[in-house]
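Peer 1: Have a look at this one before I ask anything.
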Amino acid sequence: MKPFDYASPSTIQEATALLEQHGDDARVLAGGTDIIVQLREGLRDAEIVIDVKKIPELTALDLCNEGGLTLGASTPCCDVYETPDVAAAYPALADSAHIVGGWQIQSRASVGGNLCNSSPAADTIPSLIAHNAICLIEGPTGTREVAAQDFCTAPGRNVLESGELLVTLRLPAVSDSESSAYERFIRRNEMDIAVAGAASWIKRGDDGNIADARIALSAVAATPQFAQEASEYLVGKAPTEENFSQAGELAKNVASPIDDMRGTVEYRVNLVGVLVKRTLATALARIQGDG
Amino acid sequence: MIKNNGNGEYRVLGTRPVRHDGADKVTGKAVYTADVQLPGMLRGFILRSPIAHGLIKSIDTSAAKATPGVHAVITSADMPDVGDKIADLGEGAVNLKYLSGNVLAQDKVLYKGHAVAAVAAVDIHVAEEAANKIIVEYEELPSVTWVLDAMQDDAPLLHDDLHTDSMGAKSENPSNICTHMHFEKGNIEDGFAQCDVVVEREFKTASVHQGYIEPHASVGDWNEDGRLRIWTATQGSFSARQQTAEILQIPIGDVVVTPCEIGGGFGGKIAVYLEPLVGMLSKVSGRPVKISMTRADVFEATGPTPGSYMKVKIGATNDGKLIAGEAWLAYDAGGYPGGMIGPGCMCVFSCYDIEHAVVDGYDVCLNKPNTQAYRAPGATQVAFATEQLVDEIAKQIGMCPLEIRQLNAAKEGTVRVDGPKYPPVGLVECLEALEESDHWKSSLDGPLRGRGIAAGFWFGCGLKSCATVTVNHDGTVNLLEGSTDIGGSRTSLAMQLAEVLGITSDDVNPMVGDTDSVGYTDVTGGSRVTFATGLAAYTAGRDLQTQMISRAAEEVWDCSPDEVTLENDGSFTHNGESKTFKELASQLFKHGEPLVARAAVSPENPTNGFGVHVADVEVDPETGKVTVLRYTTIQDAGKAVHPSYVEGQLQGGTVQGIGWALNEEYFYHDNDTVANASFLDYRMPTMLDLPMIDTIIVEAANPDHPYGVRGVGETPIVPPPAALANAIYNATGTRMEQLPMSPPVLWKQLQSESAEA
Amino acid sequence: MANKRHVSTTINGEPKEFLCAPHESLLEVLRDNLGLTGSKEGCNNGNCGACTVILNGRPVDSCLVLGVEVEDAEVETVEGIADRNELHPVQECFLEGAALQCGICTPGFLVASKALLEKTPDACEHTIRYNLAGNLCRCTGYDKIVRAVQDAGKRMAESN
């Protein structure tokens with residue numbers, strides 16, 4: 001690994017000042033489970049690594065009834081699934097956090113870091129999209145908000161400008177009539193990269209039909225995708241296996257995967273249908289209290 | 001007088017003592033090669049080829065040499081010219097030109113990851129940075145990584161001077177086909193003419209890696225006295241010594257190899273990669289040098305066992321008797337000649353008594369790393385083919401898969417296609433154990449579930465081993481032996497010595513010696529250590545007892561040696577007076593010279609290990625994923641010295657076979673470079689991918705060992721791909737003709753078949 | 001740039017100070033600077049778990065932690081599991097259950113298993129398999145490791 005300098009600021013202002021000063025030569029270190037590998041393998045370079053874990057806002061994990069969830073960008077995955085209220089309110093996110101790498105990785109890797117790494121196959125991003133998360137970004141020109149579904153722009157790339165830092169993720173408050181699930185397909189059962197992944201969030205109306213739905217996919221396009229057509233299709237429909245299957249078919253329309261060693265285009269598109277159907281069923285079961 | 005205590009009633013064998021090196025290995029104290037730290041030691045890094053095939057036009061090392069902190073940079077120009085010479089390395093002859101060329105590329109690179117230059121510097125980061133400053137100019141050549149393509153006349157040629165050796169005759173034109181082997185017995189045409197049913201299929205298997213968790217590592221110190229000291233991760237210290245001496249062209253006696261604790265090998269740590277390089281870097285720098293491979297290096301430059309293409313045909317009568325078998329096998333050799341085709345040919349029909357058989361095998365160079373042994377090398381591929389065809393015949397004639405195997409099982413007197421006639425072997429007993437097992441008797445219900453069985457064989461070799469036993473004041477003993485201990489062999493050897501002497505396993509202090517301190521011992525491989533080095537430990541124990549009888553007669557009882565009796569429990573008696581081993585050893589120590597015994601053995605016969613596996617699976621038709629629900633491994637161990645470690649060999653080999661079956665493979669980019677050189681994308685099974693692996697140890701004694709021991713290490717990897725393929729067939733009705741049977745492949749096949757239907 | 005940093009930390013209950021460059025991993029620091037070679041390098045990219053240590057109560061791959069990050073932290077390695085000459089139950093059970101063959105993955109498994117059992121002493125087979133899937137073993141097929149962890153959990157419960 002090539003030498004670099006290291007800083008561990010304790011405020012957002014210090015961090016953004018350092019990021020602005022060093023521009024593209026600076027890399028942010030949260031859990032390090034991607035960036036350290038990338039620096040070691042020469043996939044990314046850094047003059048300075050800025051460790052943001054000493055900034056209180058970045059390690060926040062606050063759930064309040066009206067305000068929803070405030071998740072610091074460097075909060076490790078294990079905090080998400082080990083905090084019962086959070087895991088219960090945002091099950092897709094807990095599912096995701098629980099399958100990023102193995103336990104050792106989950107002790108360090110953060111949801112914010114997973115988002116900023118912006119891999120098309122990132123496991124937490126579809127769950128953030130399904131839960132309609134908002135990204136709070138601090139930078140030289142102040143604060144801005146970006147929807148999770150708009151955050152990634154290309155493999156390994158995102159909306160962050162030079163000098164900007166992802167501070168927190170904000171997930172809207174949830175009710176008992178909604179739930180979610182994330183499932184990915186991998187060739188092993190753990191320690192693998194998604195061949196395809198799907199997160200589904202649904203809300204049931206008083207009539208028992210689906211009042212709202214959000215479906216998002218990973219590893220089937222250059223960036224994680226919000227499956228708008230499939231999501232909208234479900235609104236007003238009964239939560240049946242048939243409708244879930246049809247949503248899965250519609251979700252395939254936003255899948256434009258590549259052939260690679262993890263799977264073919266044909267295989268991945270097939271998986272979209274399977275995973276959307278299964279995650280919708282899991283989300284429904286969770287609303288019914290048996291998931 | 002010595003009474004044979006090989007009567008099946010044992011005091012030590014069959015018990016489960018804690019291994020002697022156990023405490024060191026659970027506290028982090030055990031010293032593996034990467035843990036060796038010498039004063040002034042430098043760290044080395046190897047620059048490797050980024051392309052699969054090319055000529056090296058020039059190498060400019062000036063910038064690397066000028067980097068502060070760099071002490072040595074070497075290329076093949078710094079290595080001795082070994083010429084075109086055949087060296088006998090005990091495990092077989094090898095052309096030194098190829099051996100040396102694989103360690104450091106000469107005029108050509110033959111696979112991605114081929115070593116091109118090496119740097120020694122003050123730390124690993126400086127060494128890596130300097131290595132990346134070396135400028136290598138390549139002329140890239142067309143490459144080939146599929147064995148059938150590599151056999152074509154117009155294939156890119158790896159070696160212009162390689163001519164096919166076909167049963168001793170050399171081909172006129174150069175070729176990537178190194179060797180063509182041919183075996184036959186009976187009359188194949190007559191054989192097939194007698195058959196009522198004949199099945200034939202083509203199969204292919206991907207390259208797989210041994211996947212040991214410890215990357216290759218070596219430390220070299222070219223001492224001021226001219227001797228080269230090597231600490232290394234090797235399965236055979238003597239083999240490593242000889243290869244290193246030959247490549248560096250120095251006398252073998254000037255090299256001493258200390259085998260450190262070794263973090264897995266499975267056949268992949270026999271060939272040297274780093275030892276000559278740390279030696280040469282140490283010579284140039286005047287400092288000790290350590291190199292540890294990166295995981296990517298391990299995948300790209302070491303290991304893999306051959307990918308294969310196989311066409312196999314088997315015929316039988318309607319009453320289930322296998323009559324004729326024909327096999328055409330092409331295996332990867334890798335960048336240099338010398339693959340695993342020989343054992344592949346010998347194993348393809350090794351489990352069955354088939355009267356007429358013909359086998360043709362081809363060893364083929366292509367742009368992959370030089371293939372290496374991997375646990376029963378060459379046997380797993382052919383079992384995948386044969387065991388499925390046997391099931392297919394059973395299905396066609398309406399016979400139970402177990403029954404057809406029982407009807408045709410190899411037994412004493414069966415002649416294998418390559419000639420040998422089996423002595424007493426345990427396949428029939430393994431099949432009986434399967435029939436009696438809970439697993440076989442249990443029902444498997446539910447859709448998309450299936451059960452499969454398969455048999456497997458590995459030779460288990462003898463080769464050379466030595467042992468020295470010294471006796472302490474208190475009658476405890478020290479056992480010095482030369483087999484590097486990969487999985488608890490110290491203890492299985494100590495137990496055999498303890499059994500002979502009538503002491504406990506804990507009364508023996510086993511130690512693996514370096515090449516200066518212990519007699520020549522062949523590699524830890526071929527399932528030989530517990531058998532052959534165990535025989536050495538046993539024989540040294542007998543030598544010790546013989547000496548003690550003479551000494552006791554003279555110094556204790558004042559009688560003739562034949563008036564001293566050695567009892568079954570290891571005690572010595574004379575005229576009603578009895579002394580235990582410990583009592584007599586202590587007494588003799590006070591009387592005169594210390595007791596030292598030794599043994600050197602070279603058993604010739606293989607130990608013939610047979611196994612039978614049964615697997616239950618469930619298939620997810622929407623994703624093609626196979627879940628292993630239940631698995632039982634049955635094997636003849638002859639005599640299980642330490643049953644826990646026998647079970648461990650059975651379980652570990654089985655799981656490697658499951659990985660090979662379901663997910664492990666090398667992926668290549670379009671330019672034939674490896675795409676998945678990491679544990680992330682080379683998918684060995686994790687704990688979550690498996691059920692418990694049940695084991696049944698069968699003990700059909702090996703007549704060539706005093707306790708009946710057979711080698712057990714390798715056979716367990718052989719049946720799993722076939723057993724799982726048969727289970728998948730029984731779950732889905734689809735026949736798998738390729739490995740791995742990964743989810744995308746199985747899904748696609750199920751899709752195609754349902755579309756056809 | 002990239003001068004060595006002074007780091008104060010606690011390793012296996014003892015205060016430690018060391019110098020390291022920012023690009024040196026915790027694994028390198030432990031092995032090369034502090035002589036704690038029990039933590040092993042199997043892949044150096046977080047895929048095998050052989051370098052597992054406990055950092056502030058949680059198992060991590062020490063190859064994916066920078067040495068400079070452990071300022072004021074608590075680190076526990078395989079060398080700290082035994083209490084003087086008394087092996088920890090998880091160590092005893094690995095030995096008695098023959099849950100190791102070559103031993104290279106063993107330190108990582110022991111550290112992760114201890115962390116798991118301290119959190120979930122009665123972990124079932126699935127929980128063990130799920131939580132230890134980040135530790136690769138190529139020798140044992142995992143069967144005896146799972147059983148050893150279960151046995152250690154029972155032994156720890158008995159001694160409490």
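The way I read the labels, and the way they are meant: chains A, B, ... in the order of the structure tokens, residue 1 as the first residue of every chain, and ligand 1 as the first ligand shown, with later ones counted on from there.
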If the cut-off is 8 Å, can you tell me the residues of chain C near chain A, counting only C-alpha atoms? I'd like them as an mmCIF file with C-alpha atoms, in the first residue's frame.
Peer 2:
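The result, stored in selection_14.cif:
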data_model
loop_
_atom_site.group_PDB
_atom_site.id
_atom_site.type_symbol
_atom_site.label_atom_id
_atom_site.label_comp_id
_atom_site.auth_asym_id
_atom_site.auth_seq_id
_atom_site.Cartn_x
_atom_site.Cartn_y
_atom_site.Cartn_z
ATOM 1 C CA MET C 1 3.855 13.455 4.679
ATOM 2 C CA ALA C 2 3.108 10.132 6.178
ATOM 3 C CA ASN C 3 5.340 10.443 9.184
ATOM 4 C CA ALA C 21 2.822 4.819 9.466
ATOM 5 C CA PRO C 22 -0.809 5.645 8.603
ATOM 6 C CA HIS C 23 -0.888 3.087 5.811
ATOM 7 C CA ASN C 45 -8.786 -8.099 2.189
ATOM 8 C CA GLY C 46 -11.366 -9.126 4.730
ATOM 9 C CA ASN C 47 -12.525 -12.359 3.154
ATOM 10 C CA GLY C 49 -11.174 -13.910 9.002
ATOM 11 C CA THR C 52 -9.825 -11.501 13.453
ATOM 12 C CA ARG C 58 -16.546 -6.395 18.436
ATOM 13 C CA PRO C 59 -14.806 -8.820 16.114
ATOM 14 C CA VAL C 60 -13.103 -7.150 13.170
ATOM 15 C CA ASP C 61 -10.677 -8.161 10.443
ATOM 16 C CA LEU C 64 -9.083 -3.816 7.376
ATOM 17 C CA VAL C 65 -8.215 -1.560 10.303
ATOM 18 C CA TYR C 130 -24.101 -17.439 10.484
ATOM 19 C CA ASN C 131 -21.748 -15.517 12.714
ATOM 20 C CA LEU C 132 -18.611 -17.461 11.883
ATOM 21 C CA ALA C 133 -19.165 -17.525 8.110
ATOM 22 C CA GLY C 134 -16.604 -14.742 7.833
#
Peer 1: Please find the residues of chain C near chain B - the criterion being any atom within 8 Å, counting only C-alpha atoms - and write them as a PyMOL selection string.
Peer 2: chain C and resi 31+37-39+41-44+47-48+78-79+81-82+91+94-98+100-107+110+126+129-130+132-144
Peer 1: Identify, on the basis of only C-alpha atoms, every residue whose closest approach to Val619 of chain B does not exceed 7 Å; exclude the query and any residue fewer than 4 positions from it along the same chain; express the result as a VMD selection string.
Peer 2: chain B and resid 448 to 449 624 to 627 731
Peer 1: Skipping near chain neighbours, those fewer than 3 positions away, what residues fall within 7 Å of Ser25 of chain C using only C-alpha atoms, listed as a list in words?
Peer 2: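 The residues that qualify are Glu28, Val29, Ser62, Cys63, Leu64, Val65, Leu66 and Gly67 of chain C.
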Peer 1: May I have the residues from that selection written out with all heavy atoms, as a short mmCIF file (atom, residue, chain, number, x, y, z; two decimals), in the first residue's frame?
Peer 2:
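again.cif, written as the output of this step:
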data_model
loop_
_atom_site.label_atom_id
_atom_site.label_comp_id
_atom_site.auth_asym_id
_atom_site.auth_seq_id
_atom_site.Cartn_x
_atom_site.Cartn_y
_atom_site.Cartn_z
N GLU C 28 -0.58 -5.63 10.46
CA GLU C 28 0.88 -5.45 10.31
C GLU C 28 1.49 -4.97 11.63
O GLU C 28 2.57 -5.42 12.01
CB GLU C 28 1.17 -4.38 9.26
CG GLU C 28 1.00 -4.82 7.83
CD GLU C 28 1.28 -3.65 6.89
OE1 GLU C 28 2.45 -3.45 6.53
OE2 GLU C 28 0.32 -2.95 6.55
N VAL C 29 0.80 -4.05 12.27
CA VAL C 29 1.32 -3.51 13.54
C VAL C 29 1.44 -4.65 14.55
O VAL C 29 2.48 -4.80 15.22
CB VAL C 29 0.41 -2.39 14.07
CG1 VAL C 29 0.77 -2.04 15.52
CG2 VAL C 29 0.52 -1.15 13.19
N SER C 62 -8.48 -7.52 11.29
CA SER C 62 -7.46 -6.50 11.59
C SER C 62 -6.71 -6.05 10.34
O SER C 62 -6.03 -5.03 10.36
CB SER C 62 -6.48 -7.01 12.66
OG SER C 62 -5.80 -8.16 12.23
N CYS C 63 -6.87 -6.78 9.23
CA CYS C 63 -6.27 -6.32 7.97
C CYS C 63 -7.04 -5.15 7.40
O CYS C 63 -6.54 -4.45 6.53
CB CYS C 63 -6.19 -7.46 6.95
SG CYS C 63 -7.78 -7.99 6.27
N LEU C 64 -8.26 -4.92 7.88
CA LEU C 64 -9.08 -3.82 7.38
C LEU C 64 -9.23 -2.71 8.41
O LEU C 64 -10.20 -1.95 8.40
CB LEU C 64 -10.47 -4.32 6.94
CG LEU C 64 -10.47 -5.29 5.76
CD1 LEU C 64 -11.91 -5.58 5.33
CD2 LEU C 64 -9.69 -4.73 4.58
N VAL C 65 -8.27 -2.65 9.32
CA VAL C 65 -8.21 -1.56 10.30
C VAL C 65 -6.83 -0.95 10.17
O VAL C 65 -5.84 -1.67 10.03
CB VAL C 65 -8.41 -2.10 11.74
CG1 VAL C 65 -8.31 -0.97 12.77
CG2 VAL C 65 -9.74 -2.83 11.87
N LEU C 66 -6.75 0.37 10.18
CA LEU C 66 -5.43 1.01 10.17
C LEU C 66 -4.89 1.02 11.60
O LEU C 66 -5.65 1.20 12.56
CB LEU C 66 -5.53 2.44 9.64
CG LEU C 66 -6.03 2.59 8.20
CD1 LEU C 66 -6.13 4.07 7.82
CD2 LEU C 66 -5.12 1.85 7.22
N GLY C 67 -3.60 0.85 11.73
CA GLY C 67 -2.98 0.90 13.05
C GLY C 67 -3.32 2.18 13.78
O GLY C 67 -3.58 2.18 14.99
#
Peer 1: If you measure from atom CA of Arg229 of chain B to atom CA of Thr302 of chain B, what distance in Å do you get, rounded to one decimal?
Peer 2: 23.0 Å
